[in-house]
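S.K.: My structure is stored as entry-v4.cif, with mmCIF, C-alpha atoms.
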```cif
data_upload
loop_
_atom_site.label_atom_id
_atom_site.label_comp_id
_atom_site.auth_asym_id
_atom_site.auth_seq_id
_atom_site.Cartn_x
_atom_site.Cartn_y
_atom_site.Cartn_z
CA MET Z 274 -32.91 -25.86 -56.51
CA SER Z 275 -32.68 -24.49 -60.01
CA THR Z 276 -33.68 -25.67 -63.42
CA PRO Z 277 -31.14 -26.70 -66.04
CA GLU Z 278 -28.85 -24.05 -67.27
CA ASP Z 279 -25.51 -23.36 -68.84
CA ARG Z 280 -23.90 -20.71 -70.93
CA THR Z 281 -21.87 -20.45 -74.16
CA ALA Z 282 -18.42 -18.92 -74.14
CA SER Z 283 -15.24 -19.68 -75.99
CA THR Z 284 -13.30 -20.66 -72.90
CA PRO Z 285 -10.28 -22.97 -73.05
CA GLU Z 286 -12.51 -25.69 -71.58
CA GLY Z 287 -15.03 -25.12 -74.35
CA THR Z 288 -12.62 -26.73 -76.82
CA ARG Z 289 -12.09 -29.87 -74.81
CA SER Z 290 -13.61 -33.15 -75.83
CA GLY Z 291 -17.12 -33.33 -74.44
CA GLU Z 292 -17.26 -29.63 -73.60
CA PRO Z 293 -18.24 -28.18 -76.99
CA ARG Z 294 -18.53 -24.54 -77.85
CA VAL Z 295 -22.07 -23.48 -78.60
CA SER Z 296 -22.33 -21.15 -81.57
CA THR Z 297 -24.23 -18.01 -80.59
CA SER Z 298 -23.38 -14.35 -80.70
CA PRO Z 299 -20.80 -13.55 -77.98
CA GLY Z 300 -22.29 -13.39 -74.52
CA THR Z 301 -25.89 -13.91 -75.74
CA PRO Z 302 -27.58 -17.07 -74.45
CA PRO Z 303 -29.69 -19.01 -76.96
CA GLY Z 304 -33.25 -17.68 -76.96
CA SER Z 305 -32.39 -14.85 -74.56
CA PRO Z 306 -33.20 -11.18 -75.05
CA SER Z 307 -30.52 -8.92 -76.39
CA THR Z 308 -27.51 -8.22 -74.22
CA PRO Z 309 -27.82 -5.22 -71.88
CA PRO Z 310 -25.52 -2.27 -72.52
CA ALA Z 311 -21.94 -3.45 -72.20
CA SER Z 312 -19.66 -2.07 -69.55
CA SER Z 313 -17.48 0.75 -70.78
CA SER Z 314 -13.74 0.37 -71.14
CA THR Z 315 -13.79 -3.37 -70.52
CA PRO Z 316 -10.22 -4.66 -71.09
CA PRO Z 317 -9.72 -7.27 -73.78
CA ALA Z 318 -10.24 -10.78 -72.42
CA SER Z 319 -7.40 -13.25 -72.51
CA PRO Z 320 -7.51 -15.51 -75.58
CA GLY Z 321 -10.27 -18.08 -75.20
CA THR Z 322 -11.76 -16.56 -72.03
CA PRO Z 323 -15.24 -15.08 -71.65
CA ARG Z 324 -15.61 -11.28 -71.72
CA GLU Z 325 -16.53 -9.84 -68.36
CA ASP Z 326 -19.23 -7.71 -69.93
CA ALA Z 327 -20.99 -10.81 -71.26
CA THR Z 328 -22.04 -11.98 -67.81
CA PHE Z 329 -25.76 -12.42 -67.37
CA GLY Z 330 -27.74 -12.30 -64.18
CA GLU Z 331 -30.62 -14.52 -63.29
CA PRO Z 332 -34.12 -13.47 -64.40
CA GLY Z 333 -35.65 -10.67 -62.41
CA GLU Z 334 -32.40 -9.22 -61.11
CA GLY Z 335 -32.68 -5.58 -60.24
CA ALA Z 336 -36.33 -6.05 -59.19
CA THR Z 337 -35.72 -6.42 -55.49
CA SER Z 338 -38.28 -7.19 -52.85
CA GLY Z 339 -40.14 -4.10 -51.70
CA GLU Z 340 -38.72 -1.63 -54.21
CA PRO Z 341 -39.43 -0.91 -57.90
CA ARG Z 342 -37.00 -1.82 -60.62
CA GLU Z 343 -34.66 1.06 -61.17
CA GLY Z 344 -34.47 2.32 -64.74
CA ALA Z 345 -37.86 0.78 -65.52
CA THR Z 346 -39.68 4.09 -66.05
CA PRO Z 347 -40.92 4.17 -69.66
CA SER Z 348 -39.74 6.96 -71.89
CA THR Z 349 -41.71 8.76 -74.57
CA PRO Z 350 -40.59 10.66 -77.67
CA GLU Z 351 -41.66 13.89 -75.94
CA SER Z 352 -39.65 13.15 -72.76
CA PRO Z 353 -36.67 10.91 -73.53
CA GLN Z 354 -35.01 9.27 -70.52
CA ARG Z 355 -31.31 9.88 -69.84
CA ASP Z 356 -29.37 7.39 -67.73
CA THR Z 357 -28.09 9.38 -64.75
CA HIS Z 358 -26.66 6.43 -62.83
CA LEU Z 359 -22.98 6.66 -61.94
CA ARG Z 360 -20.63 3.93 -63.11
CA ALA Z 361 -18.20 2.16 -60.82
CA ASP Z 362 -15.01 0.50 -62.03
CA CYS Z 363 -13.79 -2.50 -60.08
CA ALA Z 364 -10.74 -4.75 -60.02
CA ILE Z 365 -9.98 -7.88 -58.02
CA ASP Z 366 -6.55 -9.20 -57.05
CA THR Z 367 -5.32 -12.76 -56.49
CA ASP Z 368 -6.23 -12.63 -52.80
CA GLY Z 369 -9.84 -11.70 -53.54
CA ARG Z 370 -9.37 -8.04 -52.55
CA LEU Z 371 -11.90 -5.97 -54.52
CA THR Z 372 -11.30 -2.28 -55.28
CA PHE Z 373 -14.13 -0.01 -56.46
CA ARG Z 374 -13.40 3.31 -58.16
CA LEU Z 375 -16.01 6.02 -58.84
CA PRO Z 376 -15.87 9.42 -60.57
CA PRO Z 377 -16.25 12.57 -58.43
CA THR Z 378 -19.45 12.13 -56.43
CA PRO Z 379 -21.72 14.51 -54.54
CA GLY Z 380 -21.48 14.63 -50.77
CA ALA Z 381 -18.64 15.20 -48.37
CA HIS Z 382 -18.61 11.65 -46.94
CA PRO Z 383 -19.91 9.24 -49.61
CA GLN Z 384 -20.09 5.53 -48.92
CA LEU Z 385 -20.51 2.34 -50.89
CA LEU Z 386 -23.36 0.07 -49.77
CA LEU Z 387 -23.38 -3.66 -50.51
CA ARG Z 388 -26.76 -5.23 -49.87
CA LEU Z 389 -27.36 -8.99 -49.81
CA ARG Z 390 -30.38 -9.50 -52.03
CA PRO Z 391 -33.15 -11.11 -49.97
CA LYS Z 392 -35.23 -14.00 -51.17
CA LYS Z 393 -38.60 -13.08 -52.58
CA GLY Z 394 -40.94 -11.85 -49.88
CA ARG Z 395 -38.18 -11.61 -47.27
CA PRO Z 396 -36.88 -8.36 -45.72
CA GLU Z 397 -33.33 -7.08 -46.12
CA THR Z 398 -31.13 -8.31 -43.30
CA THR Z 399 -27.48 -8.09 -44.38
CA ARG Z 400 -25.58 -4.99 -45.49
CA HIS Z 401 -21.95 -4.00 -45.74
CA VAL Z 402 -20.84 -0.34 -45.89
CA LEU Z 403 -17.46 0.92 -47.17
CA ASP Z 404 -16.12 4.47 -46.96
CA LEU Z 405 -15.25 6.01 -50.32
CA GLU Z 406 -11.83 7.63 -49.92
CA LEU Z 407 -10.83 10.68 -51.97
CA ASP Z 408 -8.02 10.47 -54.53
CA ARG Z 409 -6.51 13.96 -54.42
CA SER Z 410 -4.98 13.64 -57.89
CA ASP Z 411 -8.29 13.52 -59.80
CA ASP Z 412 -11.06 13.79 -57.16
CA HIS Z 413 -12.20 10.24 -57.88
CA ARG Z 414 -13.29 8.03 -54.99
CA HIS Z 415 -12.28 4.49 -54.15
CA ALA Z 416 -13.29 1.82 -51.64
CA VAL Z 417 -11.63 -1.52 -50.87
CA LEU Z 418 -13.48 -4.69 -49.92
CA GLU Z 419 -10.92 -6.85 -48.13
CA PRO Z 420 -10.90 -10.66 -48.51
CA HIS Z 421 -11.86 -11.10 -44.85
CA PRO Z 422 -14.42 -11.35 -43.53
CA SER Z 423 -15.89 -13.17 -46.51
CA LEU Z 424 -19.31 -12.23 -47.79
CA ASP Z 425 -22.32 -14.44 -47.15
CA GLU Z 426 -23.26 -16.61 -50.11
CA GLY Z 427 -25.67 -14.93 -52.49
CA ARG Z 428 -26.02 -11.88 -54.75
CA TRP Z 429 -24.98 -8.46 -53.47
CA ASP Z 430 -26.31 -5.29 -55.09
CA VAL Z 431 -24.00 -2.25 -55.06
CA TYR Z 432 -25.22 1.27 -54.20
CA LEU Z 433 -23.81 4.73 -53.62
CA LEU Z 434 -24.72 6.58 -50.42
CA PRO Z 435 -23.89 10.28 -51.08
CA GLU Z 436 -23.91 10.77 -47.28
CA PRO Z 437 -24.32 8.33 -44.37
CA GLY Z 438 -28.05 7.70 -44.03
CA ALA Z 439 -28.87 9.34 -47.40
CA GLU Z 440 -31.07 7.72 -50.02
CA ARG Z 441 -29.12 5.04 -51.85
CA ARG Z 442 -28.41 5.18 -55.58
CA ARG Z 443 -27.88 2.08 -57.70
CA LEU Z 444 -24.62 1.94 -59.67
CA ARG Z 445 -23.92 0.84 -63.21
CA PRO Z 446 -20.81 -1.29 -63.93
CA GLY Z 447 -17.85 0.45 -65.49
CA LEU Z 448 -14.57 -1.28 -66.28
CA ARG Z 449 -14.35 -4.67 -64.56
CA ASP Z 450 -10.82 -6.05 -64.40
CA LEU Z 451 -11.27 -9.74 -63.58
CA ARG Z 452 -8.11 -11.10 -65.18
CA THR Z 453 -6.86 -12.63 -61.93
CA LEU Z 454 -10.01 -14.80 -61.75
CA VAL Z 455 -9.54 -16.51 -65.11
CA ASP Z 456 -6.98 -19.02 -63.80
CA SER Z 457 -7.96 -18.94 -60.13
CA HIS Z 458 -8.85 -22.65 -60.24
CA LEU Z 459 -5.12 -23.38 -60.48
CA ARG Z 460 -4.55 -22.21 -56.89
CA ASP Z 461 -5.52 -24.61 -54.10
CA ARG Z 462 -7.91 -22.89 -51.69
CA PRO Z 463 -7.96 -23.36 -47.90
CA SER Z 464 -11.16 -23.76 -45.92
CA PRO Z 465 -13.48 -21.91 -46.02
CA VAL Z 466 -13.53 -21.46 -49.79
CA ALA Z 467 -14.69 -17.89 -50.47
CA VAL Z 468 -15.39 -16.55 -53.97
CA ARG Z 469 -16.67 -13.16 -55.19
CA ILE Z 470 -17.27 -12.14 -58.81
CA PRO Z 471 -18.46 -8.68 -59.94
CA TYR Z 472 -21.00 -8.84 -62.76
CA ALA Z 473 -23.72 -6.89 -64.56
CA THR Z 474 -27.31 -7.80 -63.71
CA LYS Z 475 -29.80 -8.47 -66.46
CA ASP Z 476 -31.06 -4.88 -66.23
CA GLY Z 477 -27.54 -3.44 -66.31
CA PHE Z 478 -26.58 -2.71 -62.69
CA LEU Z 479 -23.45 -3.65 -60.77
CA ALA Z 480 -23.64 -6.62 -58.40
CA LEU Z 481 -21.39 -9.23 -56.77
CA ARG Z 482 -21.93 -12.99 -56.79
CA ALA Z 483 -20.47 -14.52 -53.63
CA TRP Z 484 -19.98 -18.09 -52.46
CA ARG Z 485 -18.69 -19.28 -49.08
CA ARG Z 486 -18.32 -22.99 -48.47
CA THR Z 487 -16.41 -25.11 -45.98
CA ALA Z 488 -15.06 -27.17 -48.90
CA HIS Z 489 -15.65 -27.12 -52.64
CA ALA Z 490 -15.09 -29.59 -55.50
CA GLU Z 491 -14.27 -27.60 -58.65
CA ALA Z 492 -15.41 -29.30 -61.86
CA ARG Z 493 -13.13 -28.70 -64.82
CA ALA Z 494 -13.41 -30.96 -67.88
CA ILE Z 495 -16.69 -32.74 -68.65
CA ASP Z 496 -16.22 -35.25 -71.45
CA VAL Z 497 -19.49 -36.50 -72.95
CA THR Z 498 -19.47 -39.49 -75.33
CA ASN Z 499 -22.34 -41.49 -76.78
CA ARG Z 500 -22.16 -43.91 -73.85
CA ALA Z 501 -21.13 -41.98 -70.70
CA MET Z 502 -19.86 -38.70 -69.26
CA THR Z 503 -16.58 -38.28 -67.38
CA VAL Z 504 -16.04 -35.40 -64.96
CA THR Z 505 -12.56 -34.26 -63.91
CA ALA Z 506 -12.48 -32.11 -60.75
CA ARG Z 507 -10.33 -30.88 -57.87
CA LEU Z 508 -11.15 -30.64 -54.17
CA HIS Z 509 -10.46 -27.39 -52.28
CA GLY Z 510 -10.60 -26.94 -48.52
CA ALA Z 511 -10.24 -30.67 -47.72
CA GLU Z 512 -8.41 -33.83 -48.79
CA LEU Z 513 -9.58 -37.07 -50.33
CA HIS Z 514 -9.30 -40.37 -48.45
CA ASP Z 515 -9.36 -43.95 -49.67
CA ASP Z 516 -13.06 -44.29 -48.84
CA ALA Z 517 -14.11 -41.16 -50.78
CA THR Z 518 -17.29 -41.47 -52.84
CA VAL Z 519 -19.20 -39.46 -55.41
CA ARG Z 520 -22.88 -39.24 -54.50
CA LEU Z 521 -25.64 -38.54 -57.03
CA ARG Z 522 -28.81 -37.53 -55.20
CA LEU Z 523 -32.19 -37.47 -56.92
CA ARG Z 524 -33.56 -34.02 -56.19
CA GLY Z 525 -36.53 -33.96 -53.81
CA THR Z 526 -36.00 -37.53 -52.64
CA ASP Z 527 -33.69 -39.62 -50.45
CA THR Z 528 -32.53 -41.68 -53.44
CA VAL Z 529 -28.73 -41.71 -53.77
CA ARG Z 530 -26.39 -43.44 -56.19
CA SER Z 531 -22.76 -43.84 -55.05
CA LEU Z 532 -19.72 -44.07 -57.33
CA ARG Z 533 -16.07 -44.69 -56.50
CA PRO Z 534 -13.90 -41.85 -57.93
CA ARG Z 535 -10.44 -42.22 -59.41
CA THR Z 536 -8.16 -40.09 -57.23
CA ASP Z 537 -4.81 -38.40 -57.89
CA GLU Z 538 -1.74 -38.93 -55.71
CA ASP Z 539 -2.00 -35.43 -54.22
CA ALA Z 540 -5.36 -36.31 -52.58
CA ARG Z 541 -7.04 -33.34 -54.30
CA GLY Z 542 -7.67 -34.25 -57.94
CA PHE Z 543 -10.28 -36.85 -58.89
CA SER Z 544 -12.54 -37.98 -61.72
CA PHE Z 545 -15.61 -40.16 -62.14
CA THR Z 546 -17.75 -41.57 -64.94
CA VAL Z 547 -21.54 -41.69 -65.09
CA GLY Z 548 -23.65 -43.62 -67.60
CA PRO Z 549 -27.40 -43.95 -68.13
CA GLY Z 550 -27.41 -47.20 -66.20
CA ASP Z 551 -26.18 -45.42 -63.06
CA LEU Z 552 -29.22 -43.15 -62.91
CA THR Z 553 -32.16 -45.50 -63.37
CA ASP Z 554 -35.20 -44.61 -61.30
CA ASP Z 555 -38.02 -47.09 -60.88
CA GLY Z 556 -40.41 -44.21 -60.33
CA GLY Z 557 -40.02 -43.02 -63.95
CA GLY Z 558 -42.21 -40.06 -64.77
CA ALA Z 559 -41.11 -36.61 -65.89
CA ALA Z 560 -37.62 -35.15 -66.04
CA ARG Z 561 -35.44 -36.10 -63.09
CA ILE Z 562 -32.54 -34.04 -61.73
CA TRP Z 563 -29.57 -35.64 -59.98
CA ASP Z 564 -27.37 -33.29 -57.93
CA VAL Z 565 -23.66 -34.17 -57.75
CA PHE Z 566 -21.74 -34.31 -54.45
CA LEU Z 567 -18.39 -35.59 -53.27
CA ARG Z 568 -17.87 -37.19 -49.87
CA PRO Z 569 -14.09 -36.89 -49.16
CA THR Z 570 -14.30 -39.60 -46.52
CA ALA Z 571 -17.07 -41.79 -45.17
CA GLU Z 572 -17.47 -39.60 -42.06
CA ALA Z 573 -17.31 -36.24 -43.84
CA PRO Z 574 -20.36 -34.23 -44.92
CA PRO Z 575 -20.98 -34.18 -48.68
CA VAL Z 576 -19.31 -31.41 -50.68
CA ARG Z 577 -21.09 -29.89 -53.67
CA VAL Z 578 -19.41 -30.34 -57.05
CA GLY Z 579 -19.64 -27.17 -59.15
CA ARG Z 580 -17.65 -24.56 -61.00
CA LEU Z 581 -16.95 -21.31 -59.13
CA LEU Z 582 -13.25 -20.55 -59.59
CA ASP Z 583 -13.10 -18.32 -62.65
CA ASP Z 584 -14.65 -15.05 -63.88
CA VAL Z 585 -18.09 -16.39 -64.88
CA ALA Z 586 -20.75 -15.35 -62.37
CA ASP Z 587 -23.62 -17.18 -64.09
CA ARG Z 588 -23.13 -20.32 -66.16
CA LYS Z 589 -26.71 -20.30 -67.42
CA HIS Z 590 -26.64 -20.75 -71.21
CA VAL Z 591 -22.82 -20.57 -71.14
CA TYR Z 592 -21.58 -24.15 -70.87
CA VAL Z 593 -24.02 -26.34 -72.78
CA TYR Z 594 -23.33 -30.05 -73.11
CA PRO Z 595 -24.80 -32.65 -75.49
CA ALA Z 596 -27.14 -35.33 -74.21
CA ILE Z 597 -26.43 -39.06 -74.08
CA GLU Z 598 -29.43 -40.76 -75.65
CA ARG Z 599 -30.05 -44.37 -74.74
CA ASP Z 600 -33.13 -46.63 -74.80
CA GLY Z 601 -35.59 -43.77 -75.20
CA SER Z 602 -34.10 -41.56 -72.46
CA ALA Z 603 -31.52 -38.77 -72.47
CA LEU Z 604 -28.88 -37.81 -69.88
CA ARG Z 605 -27.35 -34.32 -69.91
CA PRO Z 606 -24.97 -32.55 -67.47
CA TYR Z 607 -25.58 -28.87 -66.74
CA TYR Z 608 -24.76 -26.13 -64.23
CA THR Z 609 -27.49 -24.73 -61.99
CA VAL Z 610 -28.09 -21.04 -61.23
CA ASP Z 611 -25.69 -21.50 -58.30
CA ASN Z 612 -23.04 -22.90 -60.71
CA ASP Z 613 -23.38 -26.36 -59.16
CA LEU Z 614 -23.18 -29.48 -61.29
CA ALA Z 615 -26.32 -31.53 -61.89
CA ILE Z 616 -27.49 -34.17 -64.35
CA GLU Z 617 -30.88 -34.10 -66.02
CA VAL Z 618 -32.50 -37.33 -67.17
CA THR Z 619 -35.49 -37.09 -69.50
#
```
Please render this file's structure as structure tokens.
M.R.:
Amino acid sequence: MSTPEDRTASTPEGTRSGEPRVSTSPGTPPGSPSTPPASSSTPPASPGTPREDATFGEPGEGATSGEPREGATPSTPESPQRDTHLRADCAIDTDGRLTFRLPPTPGAHPQLLLRLRPKKGRPETTRHVLDLELDRSDDHRHAVLEPHPSLDEGRWDVYLLPEPGAERRRLRPGLRDLRTLVDSHLRDRPSPVAVRIPYATKDGFLALRAWRRTAHAEARAIDVTNRAMTVTARLHGAELHDDATVRLRLRGTDTVRSLRPRTDEDARGFSFTVGPGDLTDDGGGAARIWDVFLRPTAEAPPVRVGRLLDDVADRKHVYVYPAIERDGSALRPYYTVDNDLAIEVT
């Protein structure tokens, strides 16, 4: 699992009690390097929503297993480097249908390659190829990624294949129209819950972040006081029963703390409160991480609580919450690199 992370953005939730806005330059995490070149022609974000071009990837993105980082060749004053990568615009609709649009490209039968980024030291195993159709009006090309079948969970790098079987070329992000994702948490999702968000990697290339889960508990407001934190969330892909429980599991152990949530009449919405006394650990020691799950019914498998249903691909250094300090220890909620909710106790 990941280490603590969150990200600053002036989202509507960022003005709620307990979900403060962190004052940094837009889209730049505290202590992070400067923002990579912004996507061109990015449409203005809705008031209070994060800009799409402020999305950050996890460290090391673009340096894939078995191939050098593209764009990493150093330049010198005698031989300045010019970025020759094509840019791809993309837009997503309310059904999750993703349309890519590229300028005129070489090759008679170009294709778009989506490659699931393998874990370090692992070979590539999953790819998805789309034909780039010709728009006769301006010679641009477009490809459509339909909502079904859903992509495997992970990060997908986007390439151009000038011809089938030709050497692939990494693409830069152009305009990313993600307006339909901003309020996507308002729509109840059936099972499986599938999410895909286009974003710019740390080194400035186009990629997709995808999730696919049987059920998902979407965290919304997190209200932190000096005594406890209260999480308000909504279940997608399943329904809550009277014996539903929230389970806090100490990472790397079998230790679990169970809480009874307050549930809404529609059997989807719920909330729960956690205080320092709920997360005591006799083992003590260094920082401890508690991962947050919901069990909709006693017989159901646990469902991860997180935040996936908007236009933020990485919450690292975006949503930063204050700590609750009590008796020499501190409790702080945060989102992991997978945008799942966890609680750090130090």
S.K.: Excluding Z:Gly380 and residues on its chain fewer than 4 positions from it, collect all residues at most 9 Å away from it, counting only C-alpha atoms, and give them as JSON, numbers by chain.
M.R.: {"Z": [434, 435, 436]}
S.K.: Could you give me, as a tab-separated table, every stretch 474-542 of chain Z residue with an atom at most 12 Å from stretch 354-369 of chain Z, plus its closest atom pair and distance in Å to one decimal, counting all atoms listed in the file, rows ordered by chain then number?
M.R.:
```
residue	atom	partner	partner_atom	distance
Z:Gly477	CA	Z:His358	CA	10.5
Z:Phe478	CA	Z:Arg360	CA	8.9
Z:Leu479	CA	Z:Ala361	CA	7.8
Z:Ala480	CA	Z:Ala361	CA	10.6
Z:Leu481	CA	Z:Cys363	CA	10.7
Z:Ala483	CA	Z:Gly369	CA	11.0
```
S.K.: Which residue, Z:Ala490, Z:Leu385, Z:Ala615, Z:Val529, has the smallest gap to Z:His458 when you use only C-alpha atoms?
M.R.: Z:Ala490
S.K.: Could you tell me how far atom CA of Z:Ser464 sits from atom CA of Z:Ala586, in Å to one decimal place?
M.R.: 20.8 Å
S.K.: To verify the selection step, state as a PyMOL selection string which residues the PyMOL selection byres ((chain Z and resi 424) around 12) yields on this input.
M.R.: chain Z and resi 369-371+387-389+399-401+418-423+425-429+465-470+481-486
S.K.: Rounded to one decimal, what separation in Å do you get between atom CA of Z:Pro437 and atom CA of Z:Leu405?
M.R.: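 Those two atoms sit 11.1 Å apart.
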S.K.: Which residues, named as in the file, does the PyMOL selection byres ((chain Z and resi 525) around 12) pick out? Answer as a list of chain:residue names.
M.R.: Z:Met274, Z:Ser275, Z:Arg522, Z:Leu523, Z:Arg524, Z:Thr526, Z:Asp527, Z:Thr528, Z:Val529, Z:Arg561, Z:Ile562, Z:Trp563, Z:Asp564
S.K.: Would you work out the distance separating atom CA of Z:His509 from atom CA of Z:Lys589, expressed in Å to one decimal?
M.R.: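 Value for the atom CA of Z:His509-atom CA of Z:Lys589 distance: 23.3 Å.
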S.K.: Hey, what comes out of the PyMOL selection byres ((chain Z and resi 603) around 10) on this file? Could you write it as a list in words?
M.R.: Pro549, Ala560, Pro595, Ala596, Ile597, Glu598, Arg599, Asp600, Gly601, Ser602, Leu604, Arg605, Glu617, Val618 and Thr619 of chain Z
S.K.: May I ask which of the residues Z:Ser544, Z:Val519, Z:Leu582, Z:Asp412 is the closest one to Z:Asp456, counting only C-alpha atoms?
M.R.: Z:Leu582
S.K.: Residues within 12 Å of Z:Asp537, please, as a PyMOL selection string. Count only C-alpha atoms; anything in the same chain fewer than 2 positions from it doesn't count.
M.R.: chain Z and resi 505-508+512-515+534-535+539-545
S.K.: Calculated over only C-alpha atoms, which of the candidates Z:Ala494, Z:Val578, Z:Ala511, Z:Val417 has the smallest distance to Z:Arg462?
M.R.: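 Nearest candidate to Z:Arg462 out of Z:Ala494, Z:Val578, Z:Ala511, Z:Val417: Z:Ala511.
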S.K.: Between Z:Gly394, Z:His413, Z:Pro471, Z:Asp496, which is the closest to Z:Val431 once you count all atoms listed in the file?
M.R.: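 Looking only at the distances to Z:Val431, the closest residue turns out to be Z:Pro471.
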